[in-house]
Amino acid sequence: MNIAQKIDACTGCGVCAAVCPSAAVEMQPDAHGFLRPVVDDAACTDCGLCTGKCPVSVLPQTSAHTDILTGYAKDGTLLPRSSSGAIFPVLAAEIIRKGGLVFGAAFDGQFQVVHTAAESVEELSALCSSKYVQGRVPSDCYAQVKAALAAGRWVYFSGMPCQVAALKSYLGRDYDTLITQDTACHSVPSPMVWKNYRSALEMQNGSKLKSFSFRKKATGWENYHIHAAFENGREFLQLAAKNPYQRGFIKGLYSRGSCFDCKFKGIERCSDITLADYWGVKGIQPEAYHPQGTSLVLLHSEKGRALLERCKDRLQTCPAAEGALTWNPAMLRPIQKPARYDEFWAGYEQKPFAELVSACCEPTKEEAAKERWNRSLLARVIRRLTR
């Protein structure tokens, strides 16, 4: 199966371009802004490396046993700068203290998301906190990881599950000094939609962006806000639940098509560690709750367990309760393709963004009927139980 035949399943990881010995594969944006491989037939030698290393073609081996913990950083200054319990900056800082490199997603100068390396604790802050847009893993990023490992350095690679799978495929073997960490990915939104949204914010505020946060904890971890600061001193703050970009992302209106059939879900992973929000912790395990964020930590390997053990003095952790994943279904299965997905793209750039998102977030007649039926069924069950 060649790249053209696999295009719908493509996750945009870029490993095909990274391994091509003749530089015949280039990642280019499609009509929706997602990076996809484009092959220069004149340069292609049909070596098969691109498809042979594609993580969707050859799914990686997953863990045999996973321990699920919950916790947060004891250092309260880390929590406001992180999406949930600030586990990542603690673990990543330990690797840096060992002279290692940390790779993760950061905003570049144009607020596009790109994988980059941090070599100091100060540089780690750029890699913290969620970026709700598909990031780009440059071809040389994979090569940098391999070169550092070959030199005997520790490497901590943080990314989406498909990106971790791509790195594993690129390397072709395990390294004792490599720690891979993925997240409970909901889906990856279009870089084009993100670019247009931030441009609209800049126009509305008459200035270029200076900083942006998808998870500002202005009123705590659960009711997080979208926050933007501009060079002219103006600020934008909106409850995420009411923000059009966030609403469209949660609904999946401009998520990558392959996310609806993601091959990298489940408790067992190919990574060493998985980090996730512990949504619902107040009801499930109230003693583990922190108002500035509580994380779930899934340990899939002895390397992951050993790293957490080395950091235990800086973390407040305990075993997660049964049902800890109840309110984080993105860990276990792909999100469902929205009924109005095609309607969104048909109307994009034709209608005002906020208006289009609001309309496409409304349930279809079939969805509304199903919801009414579910509510009726639940009411009948409750009546029977309370008789």
# chains A, B, ... in the order shown; residues from 1 in each chain; ligands from 1

$ residues_around --residues "A:Phe249" --least-positions-apart "2" --cutoff "9 Å" --atoms "only C-alpha atoms" --output "list of chain:residue names"
A:Tyr132, A:Val133, A:His186, A:Ser187, A:Val188, A:Pro189, A:Pro244, A:Tyr245, A:Gln246, A:Arg247, A:Lys251, A:Gly252, A:Leu253, A:Tyr254, A:Ser255

$ closest_atom_pairs --of "stretch 211-293 of chain A" --to "stretch 169-183 of chain A" --cutoff "6 Å" --atoms "only C-alpha atoms" --output "Markdown table"
| residue | atom | partner | partner_atom | distance |
| --- | --- | --- | --- | --- |
| A:Ser271 | CA | A:Thr180 | CA | 5.1 |
| A:Asp272 | CA | A:Thr180 | CA | 5.3 |
| A:Ile273 | CA | A:Gln181 | CA | 4.6 |
| A:Thr274 | CA | A:Asp182 | CA | 4.9 |
| A:Leu275 | CA | A:Thr183 | CA | 4.9 |
| A:Ala276 | CA | A:Thr183 | CA | 5.8 |

$ write_last_selection --atoms "all heavy atoms" --output "mmCIF file, in the first residue's frame"
data_model
loop_
_atom_site.group_PDB
_atom_site.id
_atom_site.type_symbol
_atom_site.label_atom_id
_atom_site.label_comp_id
_atom_site.auth_asym_id
_atom_site.auth_seq_id
_atom_site.Cartn_x
_atom_site.Cartn_y
_atom_site.Cartn_z
ATOM 1 N N SER A 271 4.032 3.913 24.758
ATOM 2 C CA SER A 271 4.831 4.887 25.505
ATOM 3 C C SER A 271 5.216 4.324 26.875
ATOM 4 O O SER A 271 4.701 3.291 27.314
ATOM 5 C CB SER A 271 4.037 6.180 25.692
ATOM 6 O OG SER A 271 2.844 5.915 26.414
ATOM 7 N N ASP A 272 6.100 5.040 27.564
ATOM 8 C CA ASP A 272 6.459 4.678 28.930
ATOM 9 C C ASP A 272 5.469 5.253 29.935
ATOM 10 O O ASP A 272 5.192 4.640 30.972
ATOM 11 C CB ASP A 272 7.864 5.190 29.266
ATOM 12 C CG ASP A 272 8.931 4.575 28.376
ATOM 13 O OD1 ASP A 272 9.114 3.344 28.453
ATOM 14 O OD2 ASP A 272 9.565 5.318 27.600
ATOM 15 N N ILE A 273 4.935 6.430 29.611
ATOM 16 C CA ILE A 273 4.042 7.155 30.517
ATOM 17 C C ILE A 273 2.934 7.820 29.704
ATOM 18 O O ILE A 273 3.182 8.322 28.603
ATOM 19 C CB ILE A 273 4.811 8.245 31.297
ATOM 20 C CG1 ILE A 273 5.962 7.640 32.104
ATOM 21 C CG2 ILE A 273 3.885 9.036 32.217
ATOM 22 C CD1 ILE A 273 6.932 8.670 32.664
ATOM 23 N N THR A 274 1.736 7.827 30.249
ATOM 24 C CA THR A 274 0.641 8.615 29.686
ATOM 25 C C THR A 274 0.143 9.566 30.762
ATOM 26 O O THR A 274 -0.046 9.168 31.911
ATOM 27 C CB THR A 274 -0.525 7.725 29.216
ATOM 28 O OG1 THR A 274 -0.075 6.848 28.185
ATOM 29 C CG2 THR A 274 -1.675 8.559 28.686
ATOM 30 N N LEU A 275 -0.067 10.829 30.393
ATOM 31 C CA LEU A 275 -0.606 11.823 31.316
ATOM 32 C C LEU A 275 -1.991 12.252 30.847
ATOM 33 O O LEU A 275 -2.231 12.403 29.651
ATOM 34 C CB LEU A 275 0.313 13.039 31.395
ATOM 35 C CG LEU A 275 1.739 12.784 31.911
ATOM 36 C CD1 LEU A 275 2.543 14.082 31.919
ATOM 37 C CD2 LEU A 275 1.711 12.158 33.303
ATOM 38 N N ALA A 276 -2.877 12.458 31.816
ATOM 39 C CA ALA A 276 -4.254 12.836 31.494
ATOM 40 C C ALA A 276 -4.836 13.660 32.632
ATOM 41 O O ALA A 276 -4.357 13.604 33.768
ATOM 42 C CB ALA A 276 -5.112 11.586 31.260
#

$ residues_around --residues "A:Gly109" --least-positions-apart "5" --cutoff "12 Å" --atoms "only C-alpha atoms" --output "PDB file with N, CA, C and O atoms, in the first residue's frame"
ATOM      1  N   VAL A 114       4.955  23.656  17.125  1.00  0.00           N
ATOM      2  CA  VAL A 114       6.022  22.853  16.537  1.00  0.00           C
ATOM      3  C   VAL A 114       6.776  22.135  17.650  1.00  0.00           C
ATOM      4  O   VAL A 114       6.942  22.670  18.746  1.00  0.00           O
ATOM      5  N   ALA A 126       8.013  26.638  27.960  1.00  0.00           N
ATOM      6  CA  ALA A 126       7.400  26.748  26.630  1.00  0.00           C
ATOM      7  C   ALA A 126       6.709  25.447  26.221  1.00  0.00           C
ATOM      8  O   ALA A 126       5.803  25.458  25.382  1.00  0.00           O
ATOM      9  N   LYS A 208      -0.593  42.471  17.707  1.00  0.00           N
ATOM     10  CA  LYS A 208      -0.092  41.106  17.601  1.00  0.00           C
ATOM     11  C   LYS A 208      -0.155  40.409  18.954  1.00  0.00           C
ATOM     12  O   LYS A 208      -0.057  41.037  20.008  1.00  0.00           O
ATOM     13  N   LEU A 209      -0.299  39.088  18.912  1.00  0.00           N
ATOM     14  CA  LEU A 209      -0.284  38.287  20.135  1.00  0.00           C
ATOM     15  C   LEU A 209       1.077  38.344  20.808  1.00  0.00           C
ATOM     16  O   LEU A 209       2.118  38.330  20.136  1.00  0.00           O
ATOM     17  N   LYS A 210       1.053  38.387  22.132  1.00  0.00           N
ATOM     18  CA  LYS A 210       2.285  38.284  22.905  1.00  0.00           C
ATOM     19  C   LYS A 210       2.341  36.951  23.637  1.00  0.00           C
ATOM     20  O   LYS A 210       3.406  36.353  23.796  1.00  0.00           O
ATOM     21  N   SER A 211       1.173  36.455  24.067  1.00  0.00           N
ATOM     22  CA  SER A 211       1.095  35.136  24.708  1.00  0.00           C
ATOM     23  C   SER A 211      -0.321  34.608  24.553  1.00  0.00           C
ATOM     24  O   SER A 211      -1.262  35.378  24.337  1.00  0.00           O
ATOM     25  N   PHE A 212      -0.435  33.277  24.648  1.00  0.00           N
ATOM     26  CA  PHE A 212      -1.759  32.646  24.514  1.00  0.00           C
ATOM     27  C   PHE A 212      -1.808  31.403  25.381  1.00  0.00           C
ATOM     28  O   PHE A 212      -0.840  30.645  25.448  1.00  0.00           O
TER      29      PHE A 212
END

$ atom_distance --atom1 "atom CA of A:Glu231" --atom2 "atom CA of A:Phe107"
16.1 Å

$ residues_around --residues "A:Tyr278" --least-positions-apart "4" --cutoff "10 Å" --atoms "only C-alpha atoms" --output "compact mmCIF listing (two decimals) with C-alpha atoms, in the first residue's frame"
# COMPACT_ATOMS: atom_id res chain seq x y z
CA THR A 70 -3.16 10.15 40.42
CA GLY A 71 -1.33 13.19 41.66
CA SER A 84 -3.61 19.82 35.09
CA GLY A 85 -1.38 18.52 37.88
CA LYS A 282 -14.04 15.35 43.25
CA ILE A 284 -14.62 9.68 42.35
CA GLN A 285 -11.66 10.29 44.66
CA ALA A 288 -6.88 13.38 45.53
CA TYR A 289 -8.46 16.64 44.35
CA GLY A 293 -5.31 20.51 38.77
CA THR A 294 -5.15 16.76 39.34
CA SER A 295 -3.51 14.40 36.87
CA LEU A 296 -3.79 10.75 36.03
CA VAL A 297 -0.41 9.07 35.50
CA ALA A 320 -6.08 6.04 41.27
CA ALA A 324 -10.77 7.07 37.35
CA LEU A 325 -11.11 7.12 33.56
CA THR A 326 -14.91 7.47 33.62
CA TRP A 327 -14.90 11.13 32.58
CA ASN A 328 -11.92 10.90 30.24

$ select_by_dssp --residues "stretch 201-344 of chain A" --states "strand (DSSP E)" --output "PyMOL selection string"
chain A and resi 209-216+225-230+235-239+273-277+295-299+315-319

$ write_last_selection --atoms "N, CA, C and O atoms" --output "tab-separated table (two decimals), in the first residue's frame"
chain	number	residue	atom	x	y	z
A	209	LEU	N	-0.30	39.09	18.91
A	209	LEU	CA	-0.28	38.29	20.13
A	209	LEU	C	1.08	38.34	20.81
A	209	LEU	O	2.12	38.33	20.14
A	210	LYS	N	1.05	38.39	22.13
A	210	LYS	CA	2.29	38.28	22.90
A	210	LYS	C	2.34	36.95	23.64
A	210	LYS	O	3.41	36.35	23.80
A	211	SER	N	1.17	36.45	24.07
A	211	SER	CA	1.10	35.14	24.71
A	211	SER	C	-0.32	34.61	24.55
A	211	SER	O	-1.26	35.38	24.34
A	212	PHE	N	-0.44	33.28	24.65
A	212	PHE	CA	-1.76	32.65	24.51
A	212	PHE	C	-1.81	31.40	25.38
A	212	PHE	O	-0.84	30.65	25.45
A	213	SER	N	-2.95	31.20	26.04
A	213	SER	CA	-3.17	30.00	26.85
A	213	SER	C	-4.55	29.42	26.56
A	213	SER	O	-5.55	30.14	26.61
A	214	PHE	N	-4.56	28.13	26.26
A	214	PHE	CA	-5.83	27.42	26.09
A	214	PHE	C	-6.41	26.98	27.43
A	214	PHE	O	-7.57	26.59	27.49
A	215	ARG	N	-5.58	27.01	28.48
A	215	ARG	CA	-6.02	26.46	29.77
A	215	ARG	C	-5.62	27.40	30.93
A	215	ARG	O	-4.97	27.01	31.87
A	216	LYS	N	-6.02	28.65	30.85
A	216	LYS	CA	-5.74	29.61	31.92
A	216	LYS	C	-6.63	29.26	33.12
A	216	LYS	O	-7.84	29.19	33.01
A	225	HIS	N	-10.09	29.00	31.33
A	225	HIS	CA	-10.38	30.07	30.39
A	225	HIS	C	-9.41	30.07	29.21
A	225	HIS	O	-8.30	29.56	29.30
A	226	ILE	N	-9.85	30.67	28.12
A	226	ILE	CA	-8.98	31.04	27.02
A	226	ILE	C	-8.42	32.43	27.36
A	226	ILE	O	-9.17	33.34	27.69
A	227	HIS	N	-7.10	32.58	27.27
A	227	HIS	CA	-6.48	33.86	27.61
A	227	HIS	C	-5.47	34.26	26.54
A	227	HIS	O	-4.64	33.45	26.13
A	228	ALA	N	-5.57	35.49	26.10
A	228	ALA	CA	-4.61	36.03	25.13
A	228	ALA	C	-4.13	37.39	25.62
A	228	ALA	O	-4.93	38.20	26.10
A	229	ALA	N	-2.83	37.62	25.52
A	229	ALA	CA	-2.24	38.93	25.83
A	229	ALA	C	-1.64	39.48	24.55
A	229	ALA	O	-1.04	38.73	23.76
A	230	PHE	N	-1.77	40.78	24.35
A	230	PHE	CA	-1.33	41.40	23.11
A	230	PHE	C	-0.21	42.41	23.37
A	230	PHE	O	-0.06	42.90	24.49
A	235	GLU	N	-5.80	42.55	26.81
A	235	GLU	CA	-5.95	41.14	27.15
A	235	GLU	C	-7.33	40.65	26.78
A	235	GLU	O	-8.30	41.42	26.76
A	236	PHE	N	-7.41	39.36	26.48
A	236	PHE	CA	-8.68	38.70	26.16
A	236	PHE	C	-8.82	37.51	27.10
A	236	PHE	O	-7.91	36.69	27.22
A	237	LEU	N	-9.95	37.42	27.79
A	237	LEU	CA	-10.20	36.31	28.71
A	237	LEU	C	-11.64	35.86	28.54
A	237	LEU	O	-12.56	36.66	28.65
A	238	GLN	N	-11.83	34.57	28.26
A	238	GLN	CA	-13.18	34.04	28.06
A	238	GLN	C	-13.25	32.62	28.58
A	238	GLN	O	-12.34	31.82	28.37
A	239	LEU	N	-14.33	32.31	29.27
A	239	LEU	CA	-14.54	30.95	29.74
A	239	LEU	C	-14.48	30.00	28.56
A	239	LEU	O	-15.15	30.21	27.55
A	273	ILE	N	4.94	6.43	29.61
A	273	ILE	CA	4.04	7.16	30.52
A	273	ILE	C	2.93	7.82	29.70
A	273	ILE	O	3.18	8.32	28.60
A	274	THR	N	1.74	7.83	30.25
A	274	THR	CA	0.64	8.62	29.69
A	274	THR	C	0.14	9.57	30.76
A	274	THR	O	-0.05	9.17	31.91
A	275	LEU	N	-0.07	10.83	30.39
A	275	LEU	CA	-0.61	11.82	31.32
A	275	LEU	C	-1.99	12.25	30.85
A	275	LEU	O	-2.23	12.40	29.65
A	276	ALA	N	-2.88	12.46	31.82
A	276	ALA	CA	-4.25	12.84	31.49
A	276	ALA	C	-4.84	13.66	32.63
A	276	ALA	O	-4.36	13.60	33.77
A	277	ASP	N	-5.89	14.42	32.33
A	277	ASP	CA	-6.64	15.11	33.37
A	277	ASP	C	-7.48	14.08	34.13
A	277	ASP	O	-8.04	13.16	33.53
A	295	SER	N	-3.85	15.21	38.04
A	295	SER	CA	-3.51	14.40	36.87
A	295	SER	C	-3.72	12.93	37.12
A	295	SER	O	-3.68	12.46	38.27
A	296	LEU	N	-3.91	12.20	36.03
A	296	LEU	CA	-3.79	10.75	36.03
A	296	LEU	C	-2.44	10.43	35.41
A	296	LEU	O	-2.04	11.04	34.41
A	297	VAL	N	-1.72	9.49	36.00
A	297	VAL	CA	-0.41	9.07	35.50
A	297	VAL	C	-0.47	7.58	35.23
A	297	VAL	O	-0.62	6.78	36.17
A	298	LEU	N	-0.38	7.20	33.98
A	298	LEU	CA	-0.40	5.79	33.60
A	298	LEU	C	1.03	5.36	33.30
A	298	LEU	O	1.68	5.91	32.41
A	299	LEU	N	1.51	4.39	34.06
A	299	LEU	CA	2.88	3.90	33.92
A	299	LEU	C	2.85	2.58	33.17
A	299	LEU	O	2.31	1.59	33.65
A	315	LEU	N	6.35	15.09	44.14
A	315	LEU	CA	4.99	14.82	43.69
A	315	LEU	C	4.13	14.29	44.82
A	315	LEU	O	4.61	13.55	45.68
A	316	GLN	N	2.86	14.67	44.80
A	316	GLN	CA	1.87	14.09	45.72
A	316	GLN	C	1.09	13.06	44.90
A	316	GLN	O	0.29	13.41	44.05
A	317	THR	N	1.36	11.78	45.12
A	317	THR	CA	0.72	10.74	44.30
A	317	THR	C	0.12	9.65	45.17
A	317	THR	O	0.51	9.46	46.32
A	318	CYS	N	-0.82	8.93	44.59
A	318	CYS	CA	-1.41	7.75	45.22
A	318	CYS	C	-2.09	6.94	44.11
A	318	CYS	O	-2.32	7.46	43.02
A	319	PRO	N	-2.42	5.67	44.36
A	319	PRO	CA	-3.12	4.89	43.34
A	319	PRO	C	-4.45	5.53	42.98
A	319	PRO	O	-5.15	6.06	43.86

$ atom_distance --atom1 "atom CA of A:Val113" --atom2 "atom CA of A:Pro334"
22.3 Å

$ closest_atom_pairs --of "stretch 177-271 of chain A" --to "stretch 34-41 of chain A" --cutoff "8 Å" --atoms "only C-alpha atoms" --output "JSON lines"
{"residue": "A:Ser190", "atom": "CA", "partner": "A:Phe34", "partner_atom": "CA", "distance": 6.0}
{"residue": "A:Pro191", "atom": "CA", "partner": "A:Phe34", "partner_atom": "CA", "distance": 6.6}
{"residue": "A:Met192", "atom": "CA", "partner": "A:Phe34", "partner_atom": "CA", "distance": 7.6}
{"residue": "A:Arg256", "atom": "CA", "partner": "A:Phe34", "partner_atom": "CA", "distance": 7.1}

$ closest_residue --among "A:Pro338, A:Gly12, A:His65, A:Ala42" --to "A:Gly304" --atoms "only C-alpha atoms"
A:His65

$ closest_residue --among "A:Asp46, A:Val121, A:Ala86, A:Gln144" --to "A:Ala18" --atoms "only C-alpha atoms"
A:Gln144

$ select_by_dssp --residues "stretch 86-237 of chain A" --states "alpha helix (DSSP H)" --output "PyMOL selection string"
chain A and resi 87-97+121-124+139-150+161-171+191-205

$ residues_around --residues "A:Ala359" --least-positions-apart "5" --cutoff "12 Å" --atoms "only C-alpha atoms" --output "short mmCIF file (atom, residue, chain, number, x, y, z; two decimals) with all heavy atoms, in the first residue's frame"
data_model
loop_
_atom_site.label_atom_id
_atom_site.label_comp_id
_atom_site.auth_asym_id
_atom_site.auth_seq_id
_atom_site.Cartn_x
_atom_site.Cartn_y
_atom_site.Cartn_z
N PRO A 244 -15.79 30.09 21.07
CA PRO A 244 -16.14 29.35 19.85
C PRO A 244 -15.06 28.38 19.39
O PRO A 244 -15.38 27.27 18.94
CB PRO A 244 -16.39 30.45 18.81
CG PRO A 244 -15.74 31.67 19.38
CD PRO A 244 -15.83 31.54 20.85
N ARG A 247 -15.22 25.39 21.74
CA ARG A 247 -16.45 24.62 21.52
C ARG A 247 -16.34 23.76 20.26
O ARG A 247 -16.71 22.58 20.26
CB ARG A 247 -17.65 25.56 21.40
CG ARG A 247 -18.06 26.24 22.69
CD ARG A 247 -19.34 27.04 22.47
NE ARG A 247 -20.47 26.16 22.20
CZ ARG A 247 -21.56 26.54 21.51
NH1 ARG A 247 -21.63 27.74 20.99
NH2 ARG A 247 -22.55 25.68 21.33
N GLY A 248 -15.81 24.34 19.19
CA GLY A 248 -15.65 23.59 17.95
C GLY A 248 -14.66 22.47 18.09
O GLY A 248 -14.84 21.38 17.52
N LYS A 251 -16.21 19.59 20.11
CA LYS A 251 -17.19 18.90 19.25
C LYS A 251 -16.49 18.10 18.15
O LYS A 251 -17.08 17.16 17.61
CB LYS A 251 -18.13 19.94 18.62
CG LYS A 251 -19.31 19.36 17.88
CD LYS A 251 -20.33 18.74 18.82
CE LYS A 251 -21.58 18.30 18.06
NZ LYS A 251 -22.57 17.66 18.94
N LEU A 253 -15.35 19.52 15.27
CA LEU A 253 -15.79 20.06 13.99
C LEU A 253 -14.65 20.23 13.00
O LEU A 253 -14.86 20.15 11.79
CB LEU A 253 -16.48 21.42 14.19
CG LEU A 253 -17.83 21.39 14.90
CD1 LEU A 253 -18.35 22.81 15.10
CD2 LEU A 253 -18.84 20.56 14.12
N ALA A 339 -21.90 14.92 13.33
CA ALA A 339 -22.87 14.81 12.24
C ALA A 339 -22.78 16.00 11.30
O ALA A 339 -23.07 15.90 10.11
CB ALA A 339 -24.28 14.70 12.82
N ARG A 340 -22.34 17.14 11.83
CA ARG A 340 -22.27 18.36 11.01
C ARG A 340 -20.83 18.69 10.58
O ARG A 340 -20.53 19.84 10.26
CB ARG A 340 -22.87 19.54 11.78
CG ARG A 340 -24.34 19.35 12.14
CD ARG A 340 -24.90 20.60 12.80
NE ARG A 340 -26.26 20.42 13.28
CZ ARG A 340 -27.36 20.60 12.54
NH1 ARG A 340 -27.24 20.95 11.27
NH2 ARG A 340 -28.55 20.42 13.06
N TYR A 341 -19.96 17.69 10.58
CA TYR A 341 -18.56 17.91 10.20
C TYR A 341 -18.45 18.48 8.79
O TYR A 341 -17.77 19.50 8.57
CB TYR A 341 -17.81 16.57 10.30
CG TYR A 341 -16.32 16.63 10.03
CD1 TYR A 341 -15.44 17.03 11.03
CD2 TYR A 341 -15.79 16.24 8.80
CE1 TYR A 341 -14.07 17.07 10.80
CE2 TYR A 341 -14.42 16.27 8.57
CZ TYR A 341 -13.56 16.67 9.57
OH TYR A 341 -12.20 16.70 9.36
N GLU A 343 -20.76 19.88 7.07
CA GLU A 343 -21.47 21.16 7.03
C GLU A 343 -20.56 22.30 7.50
O GLU A 343 -20.58 23.39 6.93
CB GLU A 343 -22.72 21.09 7.92
CG GLU A 343 -23.55 22.36 7.95
CD GLU A 343 -24.75 22.23 8.88
OE1 GLU A 343 -25.23 21.10 9.11
OE2 GLU A 343 -25.19 23.28 9.39
N PHE A 344 -19.74 22.00 8.52
CA PHE A 344 -18.81 23.02 9.00
C PHE A 344 -17.85 23.42 7.88
O PHE A 344 -17.67 24.61 7.60
CB PHE A 344 -18.03 22.54 10.21
CG PHE A 344 -16.91 23.47 10.60
CD1 PHE A 344 -17.16 24.57 11.39
CD2 PHE A 344 -15.61 23.26 10.13
CE1 PHE A 344 -16.14 25.47 11.71
CE2 PHE A 344 -14.58 24.14 10.44
CZ PHE A 344 -14.86 25.24 11.24
N GLY A 347 -19.26 25.46 5.10
CA GLY A 347 -19.56 26.85 5.44
C GLY A 347 -18.36 27.65 5.88
O GLY A 347 -18.47 28.88 6.06
N TYR A 348 -17.21 26.98 6.04
CA TYR A 348 -16.03 27.68 6.54
C TYR A 348 -15.57 28.74 5.53
O TYR A 348 -15.53 28.48 4.33
CB TYR A 348 -14.91 26.68 6.81
CG TYR A 348 -13.74 27.28 7.56
CD1 TYR A 348 -13.90 27.77 8.86
CD2 TYR A 348 -12.49 27.38 6.97
CE1 TYR A 348 -12.83 28.32 9.53
CE2 TYR A 348 -11.41 27.93 7.64
CZ TYR A 348 -11.59 28.41 8.93
OH TYR A 348 -10.54 28.98 9.61
N LYS A 351 -19.17 31.85 6.29
CA LYS A 351 -19.99 32.39 7.37
C LYS A 351 -19.08 32.83 8.52
O LYS A 351 -17.96 32.34 8.65
CB LYS A 351 -20.97 31.32 7.88
CG LYS A 351 -21.94 30.80 6.83
CD LYS A 351 -22.84 29.73 7.41
CE LYS A 351 -23.80 29.17 6.37
NZ LYS A 351 -24.67 28.09 6.93
N PRO A 352 -19.57 33.72 9.38
CA PRO A 352 -18.78 34.10 10.56
C PRO A 352 -18.46 32.87 11.40
O PRO A 352 -19.32 32.02 11.62
CB PRO A 352 -19.70 35.07 11.31
CG PRO A 352 -20.61 35.61 10.25
CD PRO A 352 -20.82 34.49 9.28
N PHE A 353 -17.21 32.79 11.86
CA PHE A 353 -16.73 31.59 12.56
C PHE A 353 -17.58 31.23 13.77
O PHE A 353 -18.03 30.09 13.91
CB PHE A 353 -15.27 31.79 12.98
CG PHE A 353 -14.68 30.62 13.71
CD1 PHE A 353 -14.44 29.42 13.05
CD2 PHE A 353 -14.36 30.71 15.05
CE1 PHE A 353 -13.89 28.33 13.72
CE2 PHE A 353 -13.80 29.64 15.73
CZ PHE A 353 -13.57 28.45 15.06
N ALA A 354 -17.82 32.19 14.65
CA ALA A 354 -18.57 31.91 15.88
C ALA A 354 -19.99 31.44 15.55
O ALA A 354 -20.52 30.52 16.19
CB ALA A 354 -18.61 33.14 16.78
N THR A 364 -28.43 17.45 15.53
CA THR A 364 -29.32 17.19 14.40
C THR A 364 -30.66 16.66 14.94
O THR A 364 -30.78 16.34 16.12
CB THR A 364 -28.72 16.16 13.45
OG1 THR A 364 -28.56 14.91 14.16
CG2 THR A 364 -27.35 16.61 12.93
#

$ closest_residue --among "A:Lys312, A:Arg333, A:His300, A:His290" --to "A:Ala64" --atoms "only C-alpha atoms"
A:His300

$ residues_around --residues "A:Leu307" --least-positions-apart "3" --cutoff "9 Å" --atoms "only C-alpha atoms" --output "JSON, numbers by chain"
{"A": [91, 94, 95, 179, 302, 303, 304, 310, 311, 312]}

$ write_last_selection --atoms "C-alpha atoms" --output "mmCIF file, in the first residue's frame"
data_model
loop_
_atom_site.group_PDB
_atom_site.id
_atom_site.type_symbol
_atom_site.label_atom_id
_atom_site.label_comp_id
_atom_site.auth_asym_id
_atom_site.auth_seq_id
_atom_site.Cartn_x
_atom_site.Cartn_y
_atom_site.Cartn_z
ATOM 1 C CA LEU A 91 9.471 14.512 35.249
ATOM 2 C CA GLU A 94 14.617 15.310 36.228
ATOM 3 C CA ILE A 95 15.804 14.348 32.733
ATOM 4 C CA ILE A 179 11.520 8.100 28.026
ATOM 5 C CA GLU A 302 9.742 -0.102 34.209
ATOM 6 C CA LYS A 303 11.516 2.977 32.843
ATOM 7 C CA GLY A 304 8.387 5.038 33.467
ATOM 8 C CA ARG A 310 13.014 9.304 41.346
ATOM 9 C CA CYS A 311 10.603 12.242 41.457
ATOM 10 C CA LYS A 312 8.357 11.040 44.294
#

$ closest_residue --among "A:Cys13, A:Ala92, A:Ala200, A:Leu124" --to "A:Val155" --atoms "only C-alpha atoms"
A:Ala92
